[in-house]
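*Asks:* Mind looking over this structure? Questions follow.
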Amino acid sequence: MDPRDLEFINELLEGEAQLKERIRELVEQFEKKTRKMTSMLDKVHSTPKPEIPALLETIRPVFHSCHTITAALAETIPRDEVWRWKDLWTVPLRAAVFSVVLECFLTDGTLVPLNTVAEQLGIREEWKDRFSLTPEDYLHGVITVINELSRLVVNAVTLGDFEAPLRISAFAKEVFTGFSALNLKNDLLRRRFDGLKYDIKKIEEVVYDVSLRKLVPSPTAGSTAES
């Protein structure tokens, strides 16, 4: 081969290696942020309901601190190469989605939409060819929240929040209904969705238990009172 061709190829290889290393460094920073988020959110399992708002206030700044990292990733990755590099950040991105979705549920009981999750993490629509939050990553994060809530429902009752099972049950069913309307062709996503029925069953068992013990008003009693 021509020495000039070899030199050119070597420069390309060196440039790609440097790019990959830079992306890995940024992803590692992102992973540290998501580990901090999930560690802070894990405290909800041992935090009484009145103290949860204060806990959530400490988590929101961590979401905002991700903005510089996501912006740096978008700036570093060449245009139209998002699919080439996305596997490097899939795990921390889904963990970040999980954190934002769980925080929102604990705040107001709603499911935060994909575009709002992206905004919370500083991910812009114009970066979609370099760094983006895909529907698949969003849905994986939402499923993980339901997995987590099937644990929280038991711990909340232990801490005296007997209405938590009702809130969690309504939310989980809403999510399940939404997923049922989707045409899921990703095998892993489909399997994880199918597994939600076991989480919902566990949640419903707790709802039944607190209702049986009359720790919360039963739907029948509520209807009678209204009439």
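Starting from 1 in every chain, residues are counted up; chains themselves are A, B, ... following the order of the structure tokens, and ligands are numbered from 1 as listed.
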Among the residues of region 39-221 of chain A, find those DSSP assigns to helix (DSSP H, G or I) from the backbone and print them as a ChimeraX atom specification.
*Replies:* /A:39-46,49-65,67-76,82-88,90-108,114-120,125-127,135-158,164-180,187-212,219-221
*Asks:* Take the residues from that selection and put them in a file with C-alpha atoms, as a CSV table (one decimal), in the first residue's frame.
*Replies:*
chain,number,residue,atom,x,y,z
A,39,SER,CA,-29.4,6.2,45.4
A,40,MET,CA,-31.3,9.3,46.5
A,41,LEU,CA,-34.7,7.9,45.3
A,42,ASP,CA,-34.0,4.6,47.1
A,43,LYS,CA,-34.5,6.5,50.3
A,44,VAL,CA,-38.3,6.8,49.6
A,45,HIS,CA,-38.6,3.2,50.8
A,46,SER,CA,-37.7,4.3,54.3
A,49,LYS,CA,-44.9,10.4,53.4
A,50,PRO,CA,-44.7,13.9,55.0
A,51,GLU,CA,-40.9,13.9,54.5
A,52,ILE,CA,-41.0,12.8,50.8
A,53,PRO,CA,-41.5,16.3,49.3
A,54,ALA,CA,-38.3,17.5,51.0
A,55,LEU,CA,-36.4,14.5,49.7
A,56,LEU,CA,-37.6,15.1,46.1
A,57,GLU,CA,-36.4,18.7,46.3
A,58,THR,CA,-32.9,17.5,46.8
A,59,ILE,CA,-33.1,15.3,43.7
A,60,ARG,CA,-34.3,17.9,41.2
A,61,PRO,CA,-31.0,19.8,41.1
A,62,VAL,CA,-29.3,16.6,40.1
A,63,PHE,CA,-31.5,16.4,37.0
A,64,HIS,CA,-30.5,19.9,36.1
A,65,SER,CA,-26.8,19.1,36.6
A,67,HIS,CA,-27.7,19.4,31.2
A,68,THR,CA,-24.0,20.2,30.7
A,69,ILE,CA,-23.2,16.5,30.1
A,70,THR,CA,-26.0,15.9,27.6
A,71,ALA,CA,-25.0,19.1,25.8
A,72,ALA,CA,-21.3,18.0,25.7
A,73,LEU,CA,-22.4,14.6,24.3
A,74,ALA,CA,-24.4,16.3,21.6
A,75,GLU,CA,-21.5,18.6,20.7
A,76,THR,CA,-19.0,15.7,20.6
A,82,VAL,CA,-26.4,8.7,17.0
A,83,TRP,CA,-27.1,5.1,16.2
A,84,ARG,CA,-23.4,4.3,16.0
A,85,TRP,CA,-22.8,5.4,19.5
A,86,LYS,CA,-26.1,5.1,21.4
A,87,ASP,CA,-25.3,1.8,23.0
A,88,LEU,CA,-22.7,3.5,25.1
A,90,THR,CA,-28.3,3.4,26.9
A,91,VAL,CA,-28.0,2.1,30.5
A,92,PRO,CA,-27.5,5.5,32.2
A,93,LEU,CA,-30.1,7.2,30.0
A,94,ARG,CA,-32.7,4.6,31.0
A,95,ALA,CA,-31.7,5.0,34.6
A,96,ALA,CA,-32.2,8.8,34.3
A,97,VAL,CA,-35.6,8.3,32.7
A,98,PHE,CA,-36.6,6.0,35.6
A,99,SER,CA,-35.5,8.7,38.1
A,100,VAL,CA,-37.4,11.5,36.4
A,101,VAL,CA,-40.6,9.4,36.0
A,102,LEU,CA,-40.5,8.2,39.6
A,103,GLU,CA,-39.9,11.7,40.9
A,104,CYS,CA,-42.9,13.0,39.0
A,105,PHE,CA,-45.2,10.2,40.2
A,106,LEU,CA,-44.1,10.8,43.8
A,107,THR,CA,-44.8,14.5,43.3
A,108,ASP,CA,-48.2,14.6,41.7
A,114,LEU,CA,-41.3,11.7,27.0
A,115,ASN,CA,-40.7,15.3,25.9
A,116,THR,CA,-40.8,16.5,29.4
A,117,VAL,CA,-38.4,13.9,30.6
A,118,ALA,CA,-36.0,15.0,27.8
A,119,GLU,CA,-36.4,18.6,29.0
A,120,GLN,CA,-35.6,17.7,32.5
A,125,GLU,CA,-35.0,17.9,19.8
A,126,GLU,CA,-32.5,19.4,17.4
A,127,TRP,CA,-29.9,16.9,18.7
A,135,PRO,CA,-39.3,6.1,22.7
A,136,GLU,CA,-37.7,2.7,23.5
A,137,ASP,CA,-35.5,4.1,26.2
A,138,TYR,CA,-38.4,6.1,27.7
A,139,LEU,CA,-40.6,3.0,27.8
A,140,HIS,CA,-37.9,0.9,29.5
A,141,GLY,CA,-37.5,3.6,32.1
A,142,VAL,CA,-41.3,3.7,32.7
A,143,ILE,CA,-41.4,-0.1,33.2
A,144,THR,CA,-38.6,0.1,35.7
A,145,VAL,CA,-40.7,2.6,37.7
A,146,ILE,CA,-43.5,0.0,37.9
A,147,ASN,CA,-41.0,-2.6,39.1
A,148,GLU,CA,-39.9,-0.2,41.8
A,149,LEU,CA,-43.4,0.7,42.8
A,150,SER,CA,-44.2,-2.9,43.5
A,151,ARG,CA,-41.5,-2.7,46.2
A,152,LEU,CA,-42.6,0.7,47.4
A,153,VAL,CA,-46.2,-0.4,47.9
A,154,VAL,CA,-45.2,-2.7,50.7
A,155,ASN,CA,-42.7,-0.3,52.4
A,156,ALA,CA,-45.2,2.6,52.3
A,157,VAL,CA,-47.8,0.6,54.2
A,158,THR,CA,-45.1,-0.4,56.7
A,164,ALA,CA,-50.2,4.6,48.8
A,165,PRO,CA,-51.4,1.2,47.5
A,166,LEU,CA,-54.5,2.8,45.9
A,167,ARG,CA,-52.4,5.6,44.3
A,168,ILE,CA,-49.8,3.1,43.0
A,169,SER,CA,-52.4,0.7,41.8
A,170,ALA,CA,-54.2,3.3,39.7
A,171,PHE,CA,-50.9,4.5,38.2
A,172,ALA,CA,-49.7,1.0,37.4
A,173,LYS,CA,-53.0,0.1,35.7
A,174,GLU,CA,-52.9,3.4,33.7
A,175,VAL,CA,-49.4,2.5,32.5
A,176,PHE,CA,-50.3,-1.1,31.7
A,177,THR,CA,-53.3,0.1,29.7
A,178,GLY,CA,-51.2,2.5,27.7
A,179,PHE,CA,-48.6,-0.1,26.9
A,180,SER,CA,-51.4,-2.5,25.8
A,187,ASP,CA,-38.4,-8.4,22.0
A,188,LEU,CA,-36.9,-7.2,25.2
A,189,LEU,CA,-39.4,-4.4,25.6
A,190,ARG,CA,-42.3,-6.9,25.0
A,191,ARG,CA,-41.0,-9.3,27.6
A,192,ARG,CA,-40.6,-6.6,30.1
A,193,PHE,CA,-44.1,-5.4,29.4
A,194,ASP,CA,-45.5,-8.9,29.8
A,195,GLY,CA,-43.7,-9.0,33.2
A,196,LEU,CA,-45.7,-6.0,34.4
A,197,LYS,CA,-48.7,-8.2,35.2
A,198,TYR,CA,-46.7,-9.8,38.1
A,199,ASP,CA,-45.9,-6.4,39.5
A,200,ILE,CA,-49.5,-5.3,39.2
A,201,LYS,CA,-50.6,-8.6,40.9
A,202,LYS,CA,-48.3,-7.9,43.8
A,203,ILE,CA,-49.6,-4.3,44.1
A,204,GLU,CA,-53.2,-5.5,44.0
A,205,GLU,CA,-52.5,-8.0,46.8
A,206,VAL,CA,-51.4,-5.1,49.0
A,207,VAL,CA,-54.5,-3.1,48.0
A,208,TYR,CA,-56.7,-6.1,48.9
A,209,ASP,CA,-54.9,-6.5,52.3
A,210,VAL,CA,-55.3,-2.9,53.4
A,211,SER,CA,-59.0,-2.9,52.2
A,212,LEU,CA,-59.7,-6.1,54.0
A,219,PRO,CA,-64.8,1.8,46.9
A,220,THR,CA,-68.2,0.4,48.0
A,221,ALA,CA,-68.2,2.4,51.2
*Asks:* When you count only C-alpha atoms, which of these residues is closest to Leu121 (chain A): A:Glu14, A:Glu21, A:Glu7, A:Lys33?
*Replies:* A:Lys33
*Asks:* Which of these, A:Phe162, A:Gly122, A:Arg130, A:Pro78, has the shortest distance to Leu19 (chain A) once you count only C-alpha atoms?
*Replies:*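 The answer is A:Pro78, which sits nearest to Leu19 (chain A).
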*Asks:* Using only C-alpha atoms, which of the listed residues (A:Asp161, A:Trp89, A:Asp5, A:Leu215) sits closest to Lys20 (chain A)?
*Replies:* A:Trp89
*Asks:* Restricting the calculation to only C-alpha atoms: of A:Gln29, A:Thr47, A:Ser132, A:Thr38, which residue gets closest to Cys66 (chain A)?
*Replies:*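 Among A:Gln29, A:Thr47, A:Ser132, A:Thr38, it is A:Gln29 that comes nearest to Cys66 (chain A).
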*Asks:* Report, in Å to a single decimal, how far apart CA of Asp80 (chain A) and CA of Lys128 (chain A) are.
*Replies:*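 Atom-to-atom, CA of Lys128 (chain A) and CA of Asp80 (chain A) are spaced 8.4 Å apart.
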*Asks:* Quick one: of A:Val216, A:Glu31, A:Ile23, A:Asn183, who's nearest to Phe131 (chain A), counting only C-alpha atoms?
*Replies:*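 Distance minimum relative to Phe131 (chain A) lands on A:Ile23.
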